[in-house]
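This is model34.tsv (TSV, C-alpha atoms).
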chain	number	residue	atom	x	y	z
A	1	MET	CA	-89.13	-252.86	22.02
A	2	ALA	CA	-92.71	-252.06	21.06
A	3	ALA	CA	-95.28	-252.27	23.83
A	4	THR	CA	-98.18	-254.73	23.55
A	5	GLU	CA	-101.79	-253.51	23.42
A	6	GLN	CA	-102.11	-254.45	27.08
A	7	GLU	CA	-99.05	-252.40	27.99
A	8	VAL	CA	-100.24	-249.45	25.90
A	9	LEU	CA	-103.63	-249.57	27.65
A	10	ALA	CA	-101.97	-249.61	31.08
A	11	GLY	CA	-99.66	-246.74	30.15
A	12	LEU	CA	-102.47	-244.71	28.60
A	13	ALA	CA	-104.64	-245.29	31.69
A	14	GLU	CA	-101.90	-243.76	33.84
A	15	ILE	CA	-101.70	-240.71	31.58
A	16	VAL	CA	-105.48	-240.26	31.57
A	17	SER	CA	-105.61	-240.70	35.34
A	18	GLU	CA	-102.90	-238.08	35.82
A	19	GLU	CA	-104.77	-235.58	33.62
A	20	THR	CA	-108.32	-236.20	34.89
A	21	GLY	CA	-107.99	-237.67	38.37
A	22	LEU	CA	-110.01	-240.72	37.30
A	23	PRO	CA	-108.86	-244.12	38.66
A	24	THR	CA	-106.82	-246.07	36.10
A	25	ASP	CA	-109.31	-248.96	36.15
A	26	ALA	CA	-111.98	-246.59	34.77
A	27	VAL	CA	-109.95	-246.23	31.59
A	28	LEU	CA	-111.30	-249.17	29.59
A	29	PRO	CA	-111.05	-249.76	25.82
A	30	GLU	CA	-114.76	-249.26	25.18
A	31	LYS	CA	-114.89	-245.91	26.98
A	32	SER	CA	-115.36	-242.77	24.90
A	33	PHE	CA	-112.92	-239.99	25.83
A	34	THR	CA	-115.57	-237.26	25.60
A	35	ASP	CA	-118.86	-238.99	26.46
A	36	ASP	CA	-117.70	-241.43	29.17
A	37	LEU	CA	-114.51	-239.90	30.58
A	38	ASP	CA	-115.58	-236.23	30.17
A	39	ILE	CA	-112.26	-235.28	28.55
A	40	ASP	CA	-112.41	-232.03	26.57
A	41	SER	CA	-110.39	-231.21	23.46
A	42	LEU	CA	-107.59	-229.45	25.35
A	43	SER	CA	-107.18	-232.27	27.89
A	44	MET	CA	-107.16	-234.69	24.94
A	45	MET	CA	-104.17	-232.82	23.44
A	46	THR	CA	-102.37	-233.05	26.78
A	47	ILE	CA	-103.00	-236.80	26.90
A	48	VAL	CA	-101.87	-237.21	23.28
A	49	THR	CA	-98.66	-235.28	23.95
A	50	HIS	CA	-97.81	-237.41	26.99
A	51	ALA	CA	-98.65	-240.58	25.03
A	52	GLU	CA	-96.32	-239.49	22.20
A	53	ASP	CA	-93.50	-239.08	24.70
A	54	LYS	CA	-94.22	-242.28	26.60
A	55	PHE	CA	-94.59	-244.58	23.58
A	56	ASP	CA	-92.22	-242.70	21.25
A	57	VAL	CA	-94.83	-242.27	18.53
A	58	ARG	CA	-96.13	-239.29	16.57
A	59	ILE	CA	-99.88	-238.65	16.54
A	60	PRO	CA	-100.65	-235.86	14.02
A	61	ASP	CA	-103.29	-233.36	15.21
A	62	ASP	CA	-105.57	-234.33	12.30
A	63	ASP	CA	-105.62	-237.94	13.52
A	64	VAL	CA	-106.60	-237.04	17.08
A	65	LYS	CA	-110.24	-236.40	16.13
A	66	ASN	CA	-110.52	-240.03	14.95
A	67	LEU	CA	-109.55	-241.35	18.38
A	68	THR	CA	-113.04	-241.60	19.85
A	69	THR	CA	-112.53	-244.38	22.37
A	70	VAL	CA	-109.65	-245.50	24.54
A	71	GLY	CA	-109.49	-248.62	22.34
A	72	ASP	CA	-109.04	-246.44	19.23
A	73	ALA	CA	-106.05	-244.75	20.85
A	74	VAL	CA	-104.56	-248.07	22.01
A	75	SER	CA	-104.79	-249.53	18.47
A	76	TYR	CA	-103.40	-246.34	16.91
A	77	ILE	CA	-100.42	-246.22	19.26
A	78	THR	CA	-99.71	-249.94	18.97
A	79	LYS	CA	-99.70	-249.71	15.14
A	80	ALA	CA	-97.71	-246.45	15.13
A	81	GLN	CA	-94.93	-248.16	17.08
A	82	GLY	CA	-94.44	-250.32	13.98
B	1	MET	CA	-52.29	-192.02	-4.52
B	2	THR	CA	-55.73	-192.43	-2.91
B	3	PRO	CA	-56.01	-190.81	0.48
B	4	PRO	CA	-56.83	-193.24	3.31
B	5	ARG	CA	-60.56	-193.71	3.96
B	6	ALA	CA	-61.83	-191.70	6.93
B	7	ALA	CA	-62.44	-193.91	9.96
B	8	LEU	CA	-66.06	-194.08	11.11
B	9	ARG	CA	-66.85	-193.52	14.73
B	10	LEU	CA	-69.07	-196.06	16.49
B	11	ALA	CA	-71.99	-195.05	18.68
B	12	GLU	CA	-71.35	-195.08	22.40
B	13	THR	CA	-72.62	-198.42	23.65
B	14	SER	CA	-74.24	-199.32	26.96
B	15	ALA	CA	-73.30	-202.37	29.03
B	16	GLY	CA	-76.94	-203.20	29.66
B	17	SER	CA	-80.48	-201.99	29.32
B	18	ARG	CA	-83.40	-202.01	31.69
B	19	ILE	CA	-87.13	-201.40	31.80
B	20	LEU	CA	-87.50	-198.01	33.52
B	21	GLY	CA	-91.29	-197.72	33.62
B	22	ILE	CA	-94.47	-199.57	32.72
B	23	GLY	CA	-98.07	-198.60	32.10
B	24	GLY	CA	-101.27	-200.16	30.83
B	25	VAL	CA	-104.73	-199.30	29.59
B	26	ARG	CA	-107.67	-201.68	29.19
B	27	GLY	CA	-110.76	-201.08	27.10
B	28	ASP	CA	-113.51	-199.27	29.06
B	29	ILE	CA	-116.33	-201.68	28.27
B	30	VAL	CA	-116.59	-204.83	30.40
B	31	VAL	CA	-117.88	-207.73	28.28
B	32	THR	CA	-119.03	-210.79	30.22
B	33	ASN	CA	-119.16	-214.38	29.04
B	34	ASP	CA	-122.95	-214.13	28.99
B	35	ASP	CA	-122.57	-211.23	26.54
B	36	VAL	CA	-120.62	-213.38	24.03
B	37	ALA	CA	-122.07	-216.86	24.72
B	38	GLY	CA	-125.30	-216.57	22.69
B	39	PRO	CA	-124.01	-216.50	19.09
B	40	ILE	CA	-121.60	-219.39	19.79
B	41	ASP	CA	-124.22	-221.48	21.61
B	42	SER	CA	-122.02	-221.56	24.72
B	43	SER	CA	-122.25	-220.60	28.39
B	44	ASP	CA	-120.33	-218.79	31.11
B	45	GLU	CA	-119.42	-222.16	32.64
B	46	TRP	CA	-118.06	-223.59	29.37
B	47	ILE	CA	-115.98	-220.49	28.62
B	48	VAL	CA	-114.53	-220.36	32.15
B	49	GLN	CA	-113.70	-224.08	32.10
B	50	ARG	CA	-112.05	-223.94	28.65
B	51	THR	CA	-110.24	-220.62	28.94
B	52	GLY	CA	-110.30	-219.19	32.48
B	53	ILE	CA	-111.79	-215.99	31.05
B	54	ARG	CA	-114.61	-214.34	33.05
B	55	THR	CA	-114.66	-210.95	31.32
B	56	ARG	CA	-112.83	-209.28	28.49
B	57	ARG	CA	-112.59	-205.55	27.88
B	58	TYR	CA	-113.60	-203.74	24.69
B	59	ALA	CA	-112.52	-200.22	23.82
B	60	ALA	CA	-115.26	-197.72	22.99
B	61	PRO	CA	-116.04	-196.82	19.37
B	62	GLY	CA	-113.55	-194.23	18.19
B	63	VAL	CA	-110.84	-195.51	20.51
B	64	GLY	CA	-108.28	-197.36	18.41
B	65	VAL	CA	-104.78	-198.73	18.67
B	66	VAL	CA	-103.14	-195.29	18.74
B	67	GLU	CA	-105.49	-193.92	21.45
B	68	LEU	CA	-104.99	-197.02	23.63
B	69	ALA	CA	-101.23	-196.84	23.06
B	70	GLU	CA	-101.15	-193.18	24.06
B	71	GLY	CA	-102.69	-193.91	27.46
B	72	ALA	CA	-100.29	-196.76	28.15
B	73	ALA	CA	-97.29	-194.75	26.89
B	74	ARG	CA	-98.06	-191.75	29.10
B	75	ALA	CA	-98.38	-194.03	32.14
B	76	ALA	CA	-95.07	-195.76	31.34
B	77	LEU	CA	-93.30	-192.42	30.84
B	78	ASP	CA	-94.69	-191.15	34.18
B	79	HIS	CA	-93.51	-194.30	35.90
B	80	ALA	CA	-90.04	-193.87	34.37
B	81	GLY	CA	-89.94	-190.16	35.29
B	82	LEU	CA	-89.39	-189.25	31.64
B	83	GLU	CA	-91.09	-187.08	29.01
B	84	GLY	CA	-91.95	-187.93	25.42
B	85	SER	CA	-89.11	-185.67	24.32
B	86	ASP	CA	-86.64	-187.99	26.09
B	87	LEU	CA	-87.43	-190.82	23.67
B	88	ASP	CA	-85.17	-191.70	20.74
B	89	ALA	CA	-87.31	-194.52	19.37
B	90	VAL	CA	-90.94	-195.61	19.55
B	91	ILE	CA	-91.90	-199.19	18.66
B	92	VAL	CA	-95.52	-200.30	18.52
B	93	ALA	CA	-96.31	-204.01	18.28
B	94	THR	CA	-99.78	-204.46	16.79
B	95	THR	CA	-101.84	-206.31	14.23
B	96	THR	CA	-104.95	-204.15	14.57
B	97	HIS	CA	-103.81	-200.74	13.31
B	98	TRP	CA	-106.09	-200.47	10.30
B	99	GLU	CA	-103.87	-198.24	8.23
B	100	GLN	CA	-101.14	-199.91	6.23
B	101	THR	CA	-99.36	-196.60	6.48
B	102	PRO	CA	-98.52	-194.37	8.34
B	103	SER	CA	-97.47	-196.60	11.21
B	104	ALA	CA	-99.17	-196.47	14.60
B	105	ALA	CA	-95.74	-195.71	16.08
B	106	ALA	CA	-95.27	-192.51	14.05
B	107	LEU	CA	-98.73	-191.26	15.03
B	108	LEU	CA	-98.13	-192.19	18.66
B	109	ALA	CA	-94.69	-190.54	18.78
B	110	HIS	CA	-96.21	-187.28	17.59
B	111	ARG	CA	-99.08	-187.43	20.13
B	112	ILE	CA	-96.77	-187.90	23.10
B	113	GLY	CA	-94.29	-185.23	22.07
B	114	ALA	CA	-91.56	-187.65	21.04
B	115	THR	CA	-91.09	-186.21	17.53
B	116	PRO	CA	-88.51	-186.56	15.92
B	117	ALA	CA	-87.89	-189.95	17.58
B	118	SER	CA	-87.60	-192.85	15.14
B	119	ALA	CA	-90.86	-194.78	15.01
B	120	PHE	CA	-91.94	-198.09	13.52
B	121	ASP	CA	-94.44	-200.91	14.00
B	122	VAL	CA	-93.65	-204.57	14.62
B	123	SER	CA	-95.86	-207.32	13.22
B	124	ALA	CA	-95.35	-210.37	15.41
B	125	ALA	CA	-98.90	-210.93	16.66
B	126	CYS	CA	-99.05	-212.11	20.28
B	127	ALA	CA	-95.24	-212.24	20.42
B	128	GLY	CA	-95.02	-208.61	19.26
B	129	TYR	CA	-94.24	-207.17	22.68
B	130	THR	CA	-91.40	-209.58	23.49
B	131	TYR	CA	-90.05	-209.13	19.94
B	132	ALA	CA	-90.08	-205.36	20.44
B	133	VAL	CA	-88.47	-205.56	23.90
B	134	ALA	CA	-85.65	-207.59	22.32
B	135	GLN	CA	-85.18	-204.85	19.74
B	136	ALA	CA	-85.29	-202.08	22.34
B	137	ASP	CA	-82.65	-203.89	24.40
B	138	ALA	CA	-80.40	-204.27	21.35
B	139	LEU	CA	-80.88	-200.65	20.25
B	140	VAL	CA	-80.02	-199.29	23.70
B	141	ARG	CA	-76.99	-201.53	24.25
B	142	ALA	CA	-75.68	-200.77	20.75
B	143	GLY	CA	-76.00	-197.04	21.43
B	144	VAL	CA	-78.48	-196.58	18.57
B	145	ALA	CA	-81.05	-195.15	20.98
B	146	ARG	CA	-80.92	-194.10	24.61
B	147	HIS	CA	-84.59	-194.34	25.58
B	148	VAL	CA	-86.97	-196.58	23.65
B	149	LEU	CA	-90.73	-196.76	24.16
B	150	VAL	CA	-92.22	-200.20	23.47
B	151	VAL	CA	-95.99	-200.53	23.26
B	152	GLY	CA	-98.17	-203.56	22.57
B	153	SER	CA	-101.54	-202.14	21.53
B	154	GLU	CA	-104.57	-203.94	20.10
B	155	LYS	CA	-108.21	-203.40	19.34
B	156	MET	CA	-108.94	-207.09	18.85
B	157	SER	CA	-112.71	-206.50	19.20
B	158	GLU	CA	-112.72	-205.20	15.61
B	159	PHE	CA	-111.09	-208.43	14.39
B	160	VAL	CA	-113.76	-210.82	15.72
B	161	ASP	CA	-116.73	-212.72	14.34
B	162	PRO	CA	-119.33	-213.16	17.11
B	163	THR	CA	-120.32	-216.57	15.67
B	164	ASP	CA	-116.75	-217.92	15.62
B	165	ARG	CA	-116.13	-220.57	18.28
B	166	SER	CA	-112.36	-220.79	17.76
B	167	ILE	CA	-110.88	-217.53	19.07
B	168	SER	CA	-113.21	-214.51	18.87
B	169	PHE	CA	-114.73	-214.96	22.34
B	170	LEU	CA	-111.24	-214.89	23.93
B	171	LEU	CA	-110.21	-211.50	22.61
B	172	GLY	CA	-110.12	-208.09	24.27
B	173	ASP	CA	-108.70	-204.60	23.75
B	174	GLY	CA	-105.87	-202.85	25.55
B	175	ALA	CA	-102.34	-201.50	25.46
B	176	GLY	CA	-99.30	-202.06	27.63
B	177	ALA	CA	-96.12	-200.00	27.41
B	178	VAL	CA	-92.60	-199.95	28.80
B	179	VAL	CA	-89.72	-197.51	28.52
B	180	VAL	CA	-86.32	-199.15	28.04
B	181	GLY	CA	-83.14	-197.25	28.83
B	182	PRO	CA	-79.43	-197.80	29.50
B	183	ALA	CA	-78.21	-199.63	32.61
B	184	PRO	CA	-74.77	-200.56	33.98
B	185	ASP	CA	-75.63	-204.26	33.85
B	186	ALA	CA	-78.19	-206.59	32.26
B	187	GLY	CA	-81.80	-205.71	33.07
B	188	ILE	CA	-83.11	-207.55	30.01
B	189	GLY	CA	-81.75	-211.04	29.39
B	190	PRO	CA	-80.91	-212.47	25.97
B	191	VAL	CA	-83.97	-213.16	23.84
B	192	VAL	CA	-84.76	-216.68	22.68
B	193	TRP	CA	-86.96	-216.25	19.63
B	194	GLY	CA	-88.02	-217.84	16.40
B	195	SER	CA	-90.73	-218.54	13.87
B	196	ASP	CA	-92.36	-221.43	12.04
B	197	GLY	CA	-94.23	-220.25	8.97
B	198	GLY	CA	-95.01	-223.88	8.17
B	199	LYS	CA	-97.63	-223.68	10.91
B	200	ALA	CA	-99.13	-220.39	9.62
B	201	PRO	CA	-102.62	-221.89	9.06
B	202	ALA	CA	-102.93	-222.63	12.81
B	203	ILE	CA	-103.80	-218.96	13.53
B	204	THR	CA	-104.78	-216.77	10.62
B	205	GLN	CA	-107.33	-214.33	9.27
B	206	THR	CA	-110.27	-215.65	7.24
B	207	HIS	CA	-109.03	-213.93	4.07
B	208	PRO	CA	-106.51	-211.24	3.12
B	209	TRP	CA	-107.63	-207.62	2.75
B	210	ASN	CA	-107.20	-207.65	-1.04
B	211	ALA	CA	-109.78	-210.46	-1.24
B	212	LEU	CA	-112.26	-207.92	0.10
B	213	ARG	CA	-111.30	-205.53	-2.71
B	214	ASP	CA	-111.76	-208.26	-5.32
B	215	ASP	CA	-115.05	-209.47	-3.82
B	216	PRO	CA	-116.79	-206.96	-1.54
B	217	SER	CA	-119.21	-209.69	-0.43
B	218	ALA	CA	-116.27	-211.52	1.21
B	219	GLY	CA	-116.83	-209.33	4.27
B	220	TRP	CA	-114.47	-207.96	6.87
B	221	PRO	CA	-111.71	-210.51	7.64
B	222	THR	CA	-111.66	-211.95	11.17
B	223	LEU	CA	-109.33	-214.23	13.10
B	224	ARG	CA	-109.52	-218.01	13.27
B	225	GLN	CA	-107.40	-220.59	15.05
B	226	ASP	CA	-107.11	-224.35	15.22
B	227	GLY	CA	-107.50	-224.44	18.99
B	228	GLN	CA	-106.17	-227.95	19.57
B	229	THR	CA	-103.07	-227.45	17.43
B	230	VAL	CA	-102.33	-224.10	19.05
B	231	PHE	CA	-102.88	-225.49	22.54
B	232	LYS	CA	-100.48	-228.37	21.95
B	233	TRP	CA	-97.84	-226.11	20.40
B	234	ALA	CA	-98.14	-223.41	23.04
B	235	ALA	CA	-98.47	-225.61	26.10
B	236	PHE	CA	-95.73	-228.09	25.24
B	237	GLN	CA	-93.33	-226.46	22.78
B	238	MET	CA	-93.16	-223.03	24.38
B	239	ALA	CA	-92.09	-224.26	27.83
B	240	PRO	CA	-88.71	-225.41	26.44
B	241	VAL	CA	-88.30	-221.97	24.83
B	242	ALA	CA	-88.96	-220.35	28.21
B	243	GLU	CA	-86.42	-222.70	29.78
B	244	LYS	CA	-83.84	-221.64	27.19
B	245	ALA	CA	-84.51	-217.99	28.05
B	246	LEU	CA	-83.82	-218.73	31.72
B	247	ALA	CA	-80.60	-220.54	30.79
B	248	ALA	CA	-79.54	-217.74	28.42
B	249	ALA	CA	-79.96	-215.24	31.26
B	250	GLY	CA	-77.97	-217.49	33.59
B	251	VAL	CA	-80.81	-218.03	36.06
B	252	GLY	CA	-83.07	-220.91	37.05
B	253	ALA	CA	-86.74	-221.39	37.87
B	254	HIS	CA	-85.98	-220.76	41.55
B	255	ASP	CA	-84.39	-217.38	40.83
B	256	ILE	CA	-87.42	-215.70	39.28
B	257	GLN	CA	-90.25	-214.00	41.14
B	258	ALA	CA	-92.76	-213.90	38.29
B	259	PHE	CA	-93.79	-215.80	35.17
B	260	VAL	CA	-95.73	-213.75	32.65
B	261	PRO	CA	-96.67	-215.73	29.56
B	262	HIS	CA	-98.85	-214.35	26.78
B	263	GLN	CA	-102.42	-214.41	28.08
B	264	ALA	CA	-103.86	-216.77	25.46
B	265	ASN	CA	-105.75	-219.23	27.62
B	266	MET	CA	-105.53	-220.08	31.34
B	267	ARG	CA	-105.22	-223.78	30.44
B	268	ILE	CA	-102.07	-223.04	28.41
B	269	ILE	CA	-100.66	-220.99	31.31
B	270	ASP	CA	-101.35	-223.82	33.80
B	271	GLN	CA	-99.75	-226.43	31.54
B	272	MET	CA	-96.66	-224.26	31.00
B	273	ILE	CA	-96.23	-223.83	34.77
B	274	LYS	CA	-96.34	-227.62	35.10
B	275	GLN	CA	-93.85	-228.16	32.26
B	276	LEU	CA	-91.47	-225.55	33.71
B	277	GLY	CA	-91.76	-226.95	37.23
B	278	LEU	CA	-92.12	-223.47	38.69
B	279	PRO	CA	-92.08	-223.25	42.49
B	280	PRO	CA	-95.44	-222.19	44.02
B	281	GLU	CA	-94.03	-218.88	45.26
B	282	VAL	CA	-93.50	-217.61	41.70
B	283	ALA	CA	-96.21	-215.03	40.91
B	284	ILE	CA	-98.10	-215.87	37.73
B	285	GLY	CA	-99.58	-213.40	35.28
B	286	ARG	CA	-103.29	-214.28	35.11
B	287	ASP	CA	-104.73	-211.01	33.85
B	288	ILE	CA	-106.58	-212.98	31.14
B	289	ALA	CA	-109.36	-213.78	33.64
B	290	GLU	CA	-110.57	-210.18	33.58
B	291	THR	CA	-108.98	-208.65	30.48
B	292	GLY	CA	-109.20	-211.51	27.95
B	293	ASN	CA	-106.56	-212.16	25.32
B	294	THR	CA	-105.23	-208.78	24.15
B	295	SER	CA	-102.53	-210.23	21.87
B	296	SER	CA	-99.40	-208.03	21.90
B	297	ALA	CA	-100.70	-206.04	24.92
B	298	SER	CA	-101.22	-209.04	27.17
B	299	ILE	CA	-97.74	-209.43	28.71
B	300	PRO	CA	-97.20	-205.80	29.74
B	301	LEU	CA	-100.80	-205.62	31.00
B	302	ALA	CA	-100.37	-208.77	33.10
B	303	THR	CA	-97.02	-207.46	34.40
B	304	GLU	CA	-98.52	-204.07	35.25
B	305	ARG	CA	-101.26	-205.84	37.23
B	306	LEU	CA	-98.78	-207.97	39.22
B	307	LEU	CA	-96.83	-204.82	40.15
B	308	ARG	CA	-99.97	-202.79	40.95
B	309	GLU	CA	-101.41	-205.55	43.16
B	310	GLY	CA	-98.12	-206.02	44.99
B	311	ALA	CA	-97.51	-209.62	43.89
B	312	VAL	CA	-94.05	-208.49	42.76
B	313	THR	CA	-91.92	-205.41	43.34
B	314	SER	CA	-89.38	-203.34	41.49
B	315	GLY	CA	-86.14	-205.26	41.00
B	316	ASP	CA	-87.79	-208.68	40.86
B	317	LEU	CA	-87.04	-211.00	37.95
B	318	ALA	CA	-89.83	-211.95	35.54
B	319	LEU	CA	-89.70	-214.59	32.82
B	320	GLN	CA	-91.90	-213.47	29.92
B	321	ILE	CA	-92.82	-215.33	26.75
B	322	GLY	CA	-94.94	-214.26	23.81
B	323	PHE	CA	-96.21	-216.71	21.18
B	324	GLY	CA	-98.78	-216.54	18.45
B	325	ALA	CA	-99.75	-216.24	14.79
B	326	GLY	CA	-96.91	-216.79	12.37
B	327	LEU	CA	-96.20	-218.90	14.20
B	328	VAL	CA	-93.73	-216.76	16.15
B	329	TYR	CA	-92.36	-216.69	19.66
B	330	ALA	CA	-89.93	-214.77	21.87
B	331	ALA	CA	-88.94	-215.12	25.52
B	332	GLN	CA	-86.62	-213.24	27.84
B	333	VAL	CA	-86.01	-212.63	31.54
B	334	VAL	CA	-86.40	-209.01	32.64
B	335	VAL	CA	-85.79	-207.03	35.82
B	336	LEU	CA	-89.10	-205.40	36.74
B	337	PRO	CA	-89.22	-201.60	36.94
Translate the structure described by the file into structure tokens.
Amino acid sequence: MAATEQEVLAGLAEIVSEETGLPTDAVLPEKSFTDDLDIDSLSMMTIVTHAEDKFDVRIPDDDVKNLTTVGDAVSYITKAQG
Amino acid sequence: MTPPRAALRLAETSAGSRILGIGGVRGDIVVTNDDVAGPIDSSDEWIVQRTGIRTRRYAAPGVGVVELAEGAARAALDHAGLEGSDLDAVIVATTTHWEQTPSAAALLAHRIGATPASAFDVSAACAGYTYAVAQADALVRAGVARHVLVVGSEKMSEFVDPTDRSISFLLGDGAGAVVVGPAPDAGIGPVVWGSDGGKAPAITQTHPWNALRDDPSAGWPTLRQDGQTVFKWAAFQMAPVAEKALAAAGVGAHDIQAFVPHQANMRIIDQMIKQLGLPPEVAIGRDIAETGNTSSASIPLATERLLREGAVTSGDLALQIGFGAGLVYAAQVVVLP
């Protein structure tokens, strides 16, 4: 069953926390991956790969650059689940 | 009545093959991050954080793939206790030998006194060394050759654009060589290899050489990569290939003493270690920090360093995996010389 936006946010926060060491409650929808969470392009690909596995979705590399904020990623994943 | 066809004799095969000696040569010129940071508007800190590279080594003008290969080959032959004349085949893995023909291998074979050994180049980019080791193993076991020299040799510094932020600042020059010979049992495990030409644009040159002929203003071609795509592919899709190589050799992560992946980026190496779940006591090839990414030379150079610094010893098992432009990849477990 597809996860809700709330569940995707919680799951994504765990992945980001694992990669960066940030607390999960710092991973909020309005936060920018690069400017607020200091996540570089390689860490972003690690997060994307773990998110693909966790939510059983495919996020093409060309789409990753459009995922500016945590909220962008949550919406993308929620929609991609169909 | 037609007489019966004469039966052909098969070559005498060998049960196994093994690496008998190893040697390496790095470019003489130490190039720091500060030296390359200016034209890409970067810094030592940024380069270290993104790649783990602190210096890379460039070969001097006039020193090319064949000269680098010769130094590495002589060191490997010394280590193996063999002479050039003992070799039956010479394989050079390279993408930076600037003559379409003759091959670097033929020139190298002549320089080291291996003539008339068979000699040919392998074009498999950063997987070239592990591709060539797989061939050497097969040639020796099939009885086609008794002693095979395998060299990964690159002068990547002539393939760079100082203003390119994608790959140029990672690259360095060097050569690593091994001699493979017969053994009573397996000293080189089965190769797990493949290619995916559908992903060719991920690492490629700016334009083919004939574009330069058609338009001299096109300039000298240089390398480019899509760093994010390559990172994701290498860090996450190559670990399963390495796992298959362990399984093919009949060993597990706890049986190996070293992991020597292609030295593309320290972040890729760290992610692969995580994916493979390697125990902390496994020695890791991290030569990239000082030598940079030397493409086909990187695995034998990193292995040579681990042996020289005493992190591993002769007889230890090393899992090695090459991956790069093509895209291509090859992994195998080897017994260290």
_Nearest candidate to chain B (options A:Glu52, A:Asp63, A:Asp40, A:Asp35; using all atoms listed in the file)_ =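 The shortest atom-to-atom distance to chain B comes from A:Asp40.
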*May I have the protein, DNA and RNA residues with an atom at most 12 Å from (-94.4, -249.6, 13.1), counting all atoms listed in the file in the file's coordinates, returned as number ranges by chain?*
A: 1-3, 55-58, 75-82
Could you build a table of the residues in chain B lying no more than 10 Å from chain A, giving for each the nearest pair of atoms and their separation in Å rounded to one decimal place, using only C-alpha atoms, ordered by chain and ascending residue number, as a Markdown table?
| residue | atom | partner | partner_atom | distance |
| --- | --- | --- | --- | --- |
| B:Gln49 | CA | A:Asp40 | CA | 9.8 |
| B:Arg50 | CA | A:Leu42 | CA | 7.8 |
| B:Thr51 | CA | A:Leu42 | CA | 9.9 |
| B:Asp226 | CA | A:Asp61 | CA | 9.8 |
| B:Gly227 | CA | A:Leu42 | CA | 8.1 |
| B:Gln228 | CA | A:Leu42 | CA | 6.1 |
| B:Thr229 | CA | A:Asp61 | CA | 6.3 |
| B:Val230 | CA | A:Leu42 | CA | 9.8 |
| B:Phe231 | CA | A:Leu42 | CA | 6.8 |
| B:Lys232 | CA | A:Met45 | CA | 6.0 |
| B:Trp233 | CA | A:Met45 | CA | 9.7 |
| B:Ala235 | CA | A:Thr46 | CA | 8.4 |
| B:Phe236 | CA | A:Thr49 | CA | 7.9 |
| B:Arg267 | CA | A:Leu42 | CA | 8.0 |
| B:Ile268 | CA | A:Leu42 | CA | 9.0 |
| B:Gln271 | CA | A:Thr46 | CA | 8.6 |
*If you count only C-alpha atoms, which residues fall within 12 Å of Pro240 in chain B, apart from same-chain ones fewer than 5 positions away, as a PyMOL selection string?*
chain B and resi 192-193+233-235+245-247+272-277+321+329-331
*List every protein, DNA or RNA residue that has an atom no more than 10 Å from (-105.8, -253.9, 27.8) in the file's coordinate frame, counting all atoms listed in the file, and report them as a VMD selection string.*
chain A and resid 4 to 13 27 to 29 70 to 71 74
_Atom-to-atom span, CA of Ile256 in chain B and CA of Thr303 in chain B, Å_ = 13.6 Å
Missing atoms in range 35-46 of chain A: can you complete it with N, CA and C atoms, as an mmCIF file, in the coordinates of the input?
data_model
loop_
_atom_site.group_PDB
_atom_site.id
_atom_site.type_symbol
_atom_site.label_atom_id
_atom_site.label_comp_id
_atom_site.auth_asym_id
_atom_site.auth_seq_id
_atom_site.Cartn_x
_atom_site.Cartn_y
_atom_site.Cartn_z
ATOM 1 N N ASP A 35 -117.556 -238.676 25.864
ATOM 2 C CA ASP A 35 -118.860 -238.990 26.460
ATOM 3 C C ASP A 35 -118.751 -239.712 27.803
ATOM 4 N N ASP A 36 -117.792 -240.647 27.926
ATOM 5 C CA ASP A 36 -117.700 -241.430 29.170
ATOM 6 C C ASP A 36 -116.706 -240.829 30.175
ATOM 7 N N LEU A 37 -115.563 -240.363 29.671
ATOM 8 C CA LEU A 37 -114.510 -239.900 30.580
ATOM 9 C C LEU A 37 -114.515 -238.376 30.757
ATOM 10 N N ASP A 38 -115.410 -237.680 30.025
ATOM 11 C CA ASP A 38 -115.580 -236.230 30.170
ATOM 12 C C ASP A 38 -114.275 -235.466 29.921
ATOM 13 N N ILE A 39 -113.543 -235.911 28.894
ATOM 14 C CA ILE A 39 -112.260 -235.280 28.550
ATOM 15 C C ILE A 39 -112.510 -234.285 27.418
ATOM 16 N N ASP A 40 -112.177 -233.011 27.632
ATOM 17 C CA ASP A 40 -112.410 -232.030 26.570
ATOM 18 C C ASP A 40 -111.222 -231.995 25.596
ATOM 19 N N SER A 41 -111.375 -231.180 24.550
ATOM 20 C CA SER A 41 -110.390 -231.210 23.460
ATOM 21 C C SER A 41 -108.994 -230.804 23.924
ATOM 22 N N LEU A 42 -108.913 -229.894 24.897
ATOM 23 C CA LEU A 42 -107.590 -229.450 25.350
ATOM 24 C C LEU A 42 -106.924 -230.526 26.216
ATOM 25 N N SER A 43 -107.727 -231.162 27.095
ATOM 26 C CA SER A 43 -107.180 -232.270 27.890
ATOM 27 C C SER A 43 -106.743 -233.415 26.973
ATOM 28 N N MET A 44 -107.510 -233.622 25.895
ATOM 29 C CA MET A 44 -107.160 -234.690 24.940
ATOM 30 C C MET A 44 -105.784 -234.422 24.339
ATOM 31 N N MET A 45 -105.482 -233.141 24.019
ATOM 32 C CA MET A 45 -104.170 -232.820 23.440
ATOM 33 C C MET A 45 -103.058 -233.045 24.465
ATOM 34 N N THR A 46 -103.356 -232.799 25.731
ATOM 35 C CA THR A 46 -102.370 -233.050 26.780
ATOM 36 C C THR A 46 -102.092 -234.551 26.871
#
